[in-house]
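Shown next, in structure tokens, is the structure this report addresses.
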Amino acid sequence: MLGKAGFFKAITIIFLFIAIGFCAYYIYQNFPREAIQLKTIQIKEPSINNSIPSKQFYDNMRYQDRIINYNIAESCAENKKSLMEEAFRIIESKTILSFKTVSKPNSVLNILCADIAPEAGEENHFVAGEGGPSKVLNVTLYSVILEGKIALYREGSCNNANVPLHELLHALGFDHNNNKKSILYPILECDQEIDEEIINSINKLYKIDSLPELKFDAVSATKSGRYLNFHMEVSNQGLIQADNVIVNLYAEENFVESFDLKTIGIGAKKIIDVENLKVPLGAKSIKLVIDNDDEIREIYEDNNEIVLNT
């Protein structure tokens, strides 16, 4: 039998081994080791076909919403106002667009009855005579028209709405074409009509609801033991701003942490860099998931995940 001294010695040795074991485990879990570059597994992007048959100043030009707010200047004569309103009714009758009259501060399409030249920064857009987009933002999927202008300062020779209709189509982003019977032929005639392909193009451009479109622009990561360093870029290529944007990080399908990106405006990007984020030591895959506000849909909802593997 062990004496008192032997008993305490045995207990000391046991505790010593336990302490060594805990230290070894701690070092194994936390001691820095060579960083491993994680490889991105490309998530299948949605099939996107935005091509339209009609020529535009830039690819896929459209306003943010299919309801377009407009204002006609008070200085416009009644006959010009009447013809402009008729042009709106013609487009409404043939397409899914609608036009709503509002006060000038709230309008995105402004109709003036004076000779206007392009303002600073508009030279590349307001190029088609008396009407056109004056402020355009390229968000990759679309060239979003933030503002359009029409100047009805010339007296037309037609009794119909062909002149304001011609300029309205310019303000919707459509350029001249080579069809002499088309309302968008450079030389205007009173019997010209809207091409069917213009109508089809408008309906295709505006069939997409006014929504955000979030996607990962770039993601890279390294893992050292149980510590993760990563860089991510999330952009909004949609038609309106995205609110309450969160990116959730998972390791082997286990939730680790959320990152609040708050609001991302159209055409904008948020960049996040994180160092020494603790993840399970044995995790061989990291998944990032964009989690937008549940009440707000996106244009495409199947491209919000990306996976990285060791």
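Residues in the structure tokens are numbered from 1 in each chain, the chains being A, B, ... in the order shown, and ligands are numbered from 1 in the order shown.
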
Just the residues within 6 Å of stretch 229-241 of chain A, please, counting only C-alpha atoms, with nothing from its chain fewer than 4 positions along; format it as a PyMOL selection string. chain A and resi 64+139+210-222+264-276

Residue neighbourhood A:Ala171, 8 Å, only C-alpha atoms, exclusion window fewer than 4 positions, as an NGL selection string: :A and (109 or 131-133 or 148-150 or 167)

Which polymer residues have any atom within 12 Å of an atom of A:Cys190, counting only C-alpha atoms, with same-chain residues fewer than 5 positions away left out, as an mmCIF file with N, CA and C atoms, in the first residue's frame?
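Output saved as selection.cif:
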```
data_model
loop_
_atom_site.group_PDB
_atom_site.id
_atom_site.type_symbol
_atom_site.label_atom_id
_atom_site.label_comp_id
_atom_site.auth_asym_id
_atom_site.auth_seq_id
_atom_site.Cartn_x
_atom_site.Cartn_y
_atom_site.Cartn_z
ATOM 1 N N GLY A 156 -43.937 71.663 -84.268
ATOM 2 C CA GLY A 156 -44.027 70.517 -85.160
ATOM 3 C C GLY A 156 -44.994 70.769 -86.300
ATOM 4 N N SER A 157 -44.763 70.065 -87.416
ATOM 5 C CA SER A 157 -45.621 70.218 -88.596
ATOM 6 C C SER A 157 -46.738 69.186 -88.617
ATOM 7 N N CYS A 158 -46.706 68.225 -87.654
ATOM 8 C CA CYS A 158 -47.725 67.170 -87.612
ATOM 9 C C CYS A 158 -48.831 67.544 -86.620
ATOM 10 N N ASN A 159 -50.027 67.082 -86.916
ATOM 11 C CA ASN A 159 -51.146 67.314 -86.012
ATOM 12 C C ASN A 159 -51.260 66.224 -84.955
ATOM 13 N N ASN A 160 -50.442 65.186 -85.080
ATOM 14 C CA ASN A 160 -50.469 64.095 -84.098
ATOM 15 C C ASN A 160 -49.318 64.257 -83.105
ATOM 16 N N ALA A 161 -49.122 63.229 -82.272
ATOM 17 C CA ALA A 161 -48.124 63.314 -81.190
ATOM 18 C C ALA A 161 -46.772 62.739 -81.589
ATOM 19 N N ASN A 162 -46.475 62.667 -82.871
ATOM 20 C CA ASN A 162 -45.239 62.017 -83.308
ATOM 21 C C ASN A 162 -43.970 62.706 -82.801
ATOM 22 N N VAL A 163 -43.977 64.037 -82.730
ATOM 23 C CA VAL A 163 -42.772 64.732 -82.250
ATOM 24 C C VAL A 163 -42.494 64.409 -80.780
ATOM 25 N N PRO A 164 -43.448 64.625 -79.853
ATOM 26 C CA PRO A 164 -43.167 64.264 -78.463
ATOM 27 C C PRO A 164 -42.960 62.758 -78.270
ATOM 28 N N LEU A 165 -43.610 61.928 -79.102
ATOM 29 C CA LEU A 165 -43.429 60.487 -79.000
ATOM 30 C C LEU A 165 -42.006 60.094 -79.380
ATOM 31 N N HIS A 166 -41.493 60.705 -80.435
ATOM 32 C CA HIS A 166 -40.105 60.493 -80.863
ATOM 33 C C HIS A 166 -39.144 60.841 -79.726
ATOM 34 N N LYS A 180 -37.346 53.847 -92.292
ATOM 35 C CA LYS A 180 -38.002 55.111 -92.647
ATOM 36 C C LYS A 180 -39.441 55.198 -92.149
ATOM 37 N N LYS A 181 -40.049 54.041 -91.888
ATOM 38 C CA LYS A 181 -41.423 54.028 -91.402
ATOM 39 C C LYS A 181 -41.504 54.096 -89.873
ATOM 40 N N SER A 182 -40.331 54.101 -89.238
ATOM 41 C CA SER A 182 -40.271 54.070 -87.778
ATOM 42 C C SER A 182 -40.340 55.473 -87.184
ATOM 43 N N ILE A 183 -40.978 55.567 -86.038
ATOM 44 C CA ILE A 183 -41.042 56.824 -85.309
ATOM 45 C C ILE A 183 -39.653 57.290 -84.886
ATOM 46 N N LEU A 184 -38.669 56.374 -84.873
ATOM 47 C CA LEU A 184 -37.305 56.725 -84.474
ATOM 48 C C LEU A 184 -36.361 56.904 -85.669
ATOM 49 N N TYR A 185 -36.903 57.044 -86.859
ATOM 50 C CA TYR A 185 -36.066 57.416 -88.005
ATOM 51 C C TYR A 185 -35.619 58.865 -87.797
#
```

Selection near stretch 192-199 of chain A, 12 Å with only C-alpha atoms, sequence-local residues under 4 positions removed, as an mmCIF file with N, CA and C atoms, in the first residue's frame:
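Result file is selection25.cif:
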```cif
data_model
loop_
_atom_site.group_PDB
_atom_site.id
_atom_site.type_symbol
_atom_site.label_atom_id
_atom_site.label_comp_id
_atom_site.auth_asym_id
_atom_site.auth_seq_id
_atom_site.Cartn_x
_atom_site.Cartn_y
_atom_site.Cartn_z
ATOM 1 N N ILE A 52 -31.796 43.046 -76.117
ATOM 2 C CA ILE A 52 -33.048 43.474 -76.737
ATOM 3 C C ILE A 52 -32.762 43.822 -78.194
ATOM 4 N N PRO A 53 -33.772 43.730 -79.055
ATOM 5 C CA PRO A 53 -33.527 43.953 -80.484
ATOM 6 C C PRO A 53 -33.308 45.406 -80.874
ATOM 7 N N SER A 54 -33.860 46.351 -80.117
ATOM 8 C CA SER A 54 -33.761 47.761 -80.498
ATOM 9 C C SER A 54 -32.458 48.389 -80.006
ATOM 10 N N LYS A 55 -31.952 49.323 -80.793
ATOM 11 C CA LYS A 55 -30.700 49.991 -80.455
ATOM 12 C C LYS A 55 -30.938 51.053 -79.387
ATOM 13 N N GLN A 56 -30.071 51.041 -78.368
ATOM 14 C CA GLN A 56 -30.111 52.058 -77.327
ATOM 15 C C GLN A 56 -28.764 52.772 -77.238
ATOM 16 N N ALA A 87 -48.659 61.362 -76.119
ATOM 17 C CA ALA A 87 -47.505 60.462 -76.298
ATOM 18 C C ALA A 87 -47.401 59.478 -75.132
ATOM 19 N N ILE A 90 -50.055 56.798 -75.560
ATOM 20 C CA ILE A 90 -49.728 55.839 -76.623
ATOM 21 C C ILE A 90 -48.775 54.761 -76.096
ATOM 22 N N ILE A 91 -47.718 55.192 -75.367
ATOM 23 C CA ILE A 91 -46.766 54.223 -74.806
ATOM 24 C C ILE A 91 -47.453 53.346 -73.775
ATOM 25 N N GLU A 92 -48.310 53.933 -72.956
ATOM 26 C CA GLU A 92 -49.033 53.147 -71.943
ATOM 27 C C GLU A 92 -49.935 52.096 -72.584
ATOM 28 N N SER A 93 -50.526 52.430 -73.717
ATOM 29 C CA SER A 93 -51.451 51.503 -74.368
ATOM 30 C C SER A 93 -50.739 50.333 -75.038
ATOM 31 N N LYS A 94 -49.451 50.501 -75.340
ATOM 32 C CA LYS A 94 -48.719 49.479 -76.086
ATOM 33 C C LYS A 94 -47.701 48.711 -75.242
ATOM 34 N N THR A 95 -47.414 49.212 -74.028
ATOM 35 C CA THR A 95 -46.370 48.585 -73.206
ATOM 36 C C THR A 95 -46.852 48.447 -71.758
ATOM 37 N N ILE A 96 -45.963 47.908 -70.917
ATOM 38 C CA ILE A 96 -46.286 47.769 -69.488
ATOM 39 C C ILE A 96 -45.894 49.010 -68.689
ATOM 40 N N LEU A 97 -45.428 50.051 -69.369
ATOM 41 C CA LEU A 97 -45.064 51.294 -68.685
ATOM 42 C C LEU A 97 -46.299 52.114 -68.347
ATOM 43 N N CYS A 158 -46.706 68.225 -87.654
ATOM 44 C CA CYS A 158 -47.725 67.170 -87.612
ATOM 45 C C CYS A 158 -48.831 67.544 -86.620
ATOM 46 N N ASN A 160 -50.442 65.186 -85.080
ATOM 47 C CA ASN A 160 -50.469 64.095 -84.098
ATOM 48 C C ASN A 160 -49.318 64.257 -83.105
ATOM 49 N N ALA A 161 -49.122 63.229 -82.272
ATOM 50 C CA ALA A 161 -48.124 63.314 -81.190
ATOM 51 C C ALA A 161 -46.772 62.739 -81.589
ATOM 52 N N ASN A 162 -46.475 62.667 -82.871
ATOM 53 C CA ASN A 162 -45.239 62.017 -83.308
ATOM 54 C C ASN A 162 -43.970 62.706 -82.801
ATOM 55 N N VAL A 163 -43.977 64.037 -82.730
ATOM 56 C CA VAL A 163 -42.772 64.732 -82.250
ATOM 57 C C VAL A 163 -42.494 64.409 -80.780
ATOM 58 N N LEU A 165 -43.610 61.928 -79.102
ATOM 59 C CA LEU A 165 -43.429 60.487 -79.000
ATOM 60 C C LEU A 165 -42.006 60.094 -79.380
ATOM 61 N N HIS A 166 -41.493 60.705 -80.435
ATOM 62 C CA HIS A 166 -40.105 60.493 -80.863
ATOM 63 C C HIS A 166 -39.144 60.841 -79.726
ATOM 64 N N LEU A 168 -39.852 61.164 -76.513
ATOM 65 C CA LEU A 168 -40.089 60.315 -75.340
ATOM 66 C C LEU A 168 -39.321 59.004 -75.465
ATOM 67 N N LEU A 169 -39.298 58.428 -76.658
ATOM 68 C CA LEU A 169 -38.544 57.180 -76.850
ATOM 69 C C LEU A 169 -37.046 57.418 -76.675
ATOM 70 N N HIS A 170 -36.562 58.585 -77.101
ATOM 71 C CA HIS A 170 -35.167 58.938 -76.809
ATOM 72 C C HIS A 170 -34.942 58.996 -75.297
ATOM 73 N N LEU A 172 -36.402 57.397 -73.116
ATOM 74 C CA LEU A 172 -36.427 56.020 -72.596
ATOM 75 C C LEU A 172 -35.156 55.250 -72.967
ATOM 76 N N GLY A 173 -34.242 55.923 -73.663
ATOM 77 C CA GLY A 173 -32.940 55.323 -73.950
ATOM 78 C C GLY A 173 -32.762 54.811 -75.357
ATOM 79 N N PHE A 174 -33.746 54.991 -76.246
ATOM 80 C CA PHE A 174 -33.676 54.429 -77.592
ATOM 81 C C PHE A 174 -33.084 55.422 -78.587
ATOM 82 N N ASP A 175 -32.181 54.911 -79.409
ATOM 83 C CA ASP A 175 -31.484 55.725 -80.404
ATOM 84 C C ASP A 175 -32.251 55.688 -81.722
ATOM 85 N N HIS A 176 -31.812 56.497 -82.693
ATOM 86 C CA HIS A 176 -32.398 56.469 -84.029
ATOM 87 C C HIS A 176 -32.162 55.110 -84.694
ATOM 88 N N ASN A 177 -33.008 54.769 -85.652
ATOM 89 C CA ASN A 177 -32.796 53.565 -86.442
ATOM 90 C C ASN A 177 -32.901 53.893 -87.929
ATOM 91 N N ASN A 178 -32.760 52.883 -88.778
ATOM 92 C CA ASN A 178 -32.707 53.104 -90.232
ATOM 93 C C ASN A 178 -34.015 52.780 -90.948
ATOM 94 N N ASN A 179 -35.068 52.560 -90.170
ATOM 95 C CA ASN A 179 -36.367 52.228 -90.758
ATOM 96 C C ASN A 179 -37.146 53.520 -91.024
ATOM 97 N N LYS A 180 -37.346 53.847 -92.292
ATOM 98 C CA LYS A 180 -38.002 55.111 -92.647
ATOM 99 C C LYS A 180 -39.441 55.198 -92.149
ATOM 100 N N LYS A 181 -40.049 54.041 -91.888
ATOM 101 C CA LYS A 181 -41.423 54.028 -91.402
ATOM 102 C C LYS A 181 -41.504 54.096 -89.873
ATOM 103 N N SER A 182 -40.331 54.101 -89.238
ATOM 104 C CA SER A 182 -40.271 54.070 -87.778
ATOM 105 C C SER A 182 -40.340 55.473 -87.184
ATOM 106 N N ILE A 183 -40.978 55.567 -86.038
ATOM 107 C CA ILE A 183 -41.042 56.824 -85.309
ATOM 108 C C ILE A 183 -39.653 57.290 -84.886
ATOM 109 N N LEU A 184 -38.669 56.374 -84.873
ATOM 110 C CA LEU A 184 -37.305 56.725 -84.474
ATOM 111 C C LEU A 184 -36.361 56.904 -85.669
ATOM 112 N N TYR A 185 -36.903 57.044 -86.859
ATOM 113 C CA TYR A 185 -36.066 57.416 -88.005
ATOM 114 C C TYR A 185 -35.619 58.865 -87.797
ATOM 115 N N PRO A 186 -34.359 59.203 -88.131
ATOM 116 C CA PRO A 186 -33.859 60.561 -87.835
ATOM 117 C C PRO A 186 -34.683 61.690 -88.457
ATOM 118 N N ILE A 187 -35.245 61.442 -89.638
ATOM 119 C CA ILE A 187 -36.081 62.467 -90.273
ATOM 120 C C ILE A 187 -37.534 62.131 -89.981
ATOM 121 N N LEU A 188 -38.190 63.003 -89.250
ATOM 122 C CA LEU A 188 -39.531 62.708 -88.758
ATOM 123 C C LEU A 188 -40.587 62.991 -89.821
ATOM 124 N N ASN A 203 -41.051 46.180 -73.137
ATOM 125 C CA ASN A 203 -41.682 45.182 -72.263
ATOM 126 C C ASN A 203 -40.662 44.219 -71.667
ATOM 127 N N LYS A 204 -39.636 43.866 -72.426
ATOM 128 C CA LYS A 204 -38.607 42.973 -71.886
ATOM 129 C C LYS A 204 -37.771 43.675 -70.827
ATOM 130 N N LEU A 205 -37.420 44.937 -71.079
ATOM 131 C CA LEU A 205 -36.608 45.687 -70.116
ATOM 132 C C LEU A 205 -37.337 45.889 -68.789
ATOM 133 N N TYR A 206 -38.645 46.126 -68.855
ATOM 134 C CA TYR A 206 -39.392 46.504 -67.654
ATOM 135 C C TYR A 206 -40.197 45.358 -67.044
#
```

Enter the distance from atom CA of A:Leu152 to atom CA of A:Asn60, in Å, rounded to one decimal. 25.6 Å

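Between atom CA of A:Ser51 and atom CA of A:Asp302 the interatomic distance comes to 20.9 Å.
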
Those in stretch 127-165 of chain A with helix (DSSP H, G or I) from DSSP, as a VMD selection string: chain A and resid 162 to 165

I'd like to know which of A:Lys100, A:Lys278, A:Lys135, A:Lys287 is closest to A:Glu147, using only C-alpha atoms. A:Lys135

Can you pull out the residues contacting A:Glu305? Cut-off 6 Å, using only C-alpha atoms, and skip same-chain residues under 2 positions away; I want them as a PyMOL selection string. chain A and resi 288-289+303

Would you put the residues from that selection into a file with N, CA and C atoms, as a compact mmCIF listing (two decimals), in the first residue's frame?
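Contents of result06.txt, as written:
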```txt
# COMPACT_ATOMS: atom_id res chain seq x y z
N LEU A 288 -20.21 31.55 -47.15
CA LEU A 288 -20.73 32.90 -46.93
C LEU A 288 -22.07 33.02 -47.63
N VAL A 289 -23.05 33.56 -46.91
CA VAL A 289 -24.41 33.66 -47.45
C VAL A 289 -24.92 35.08 -47.25
N ASN A 303 -27.98 33.29 -56.33
CA ASN A 303 -26.53 33.54 -56.46
C ASN A 303 -25.98 34.26 -55.24
```
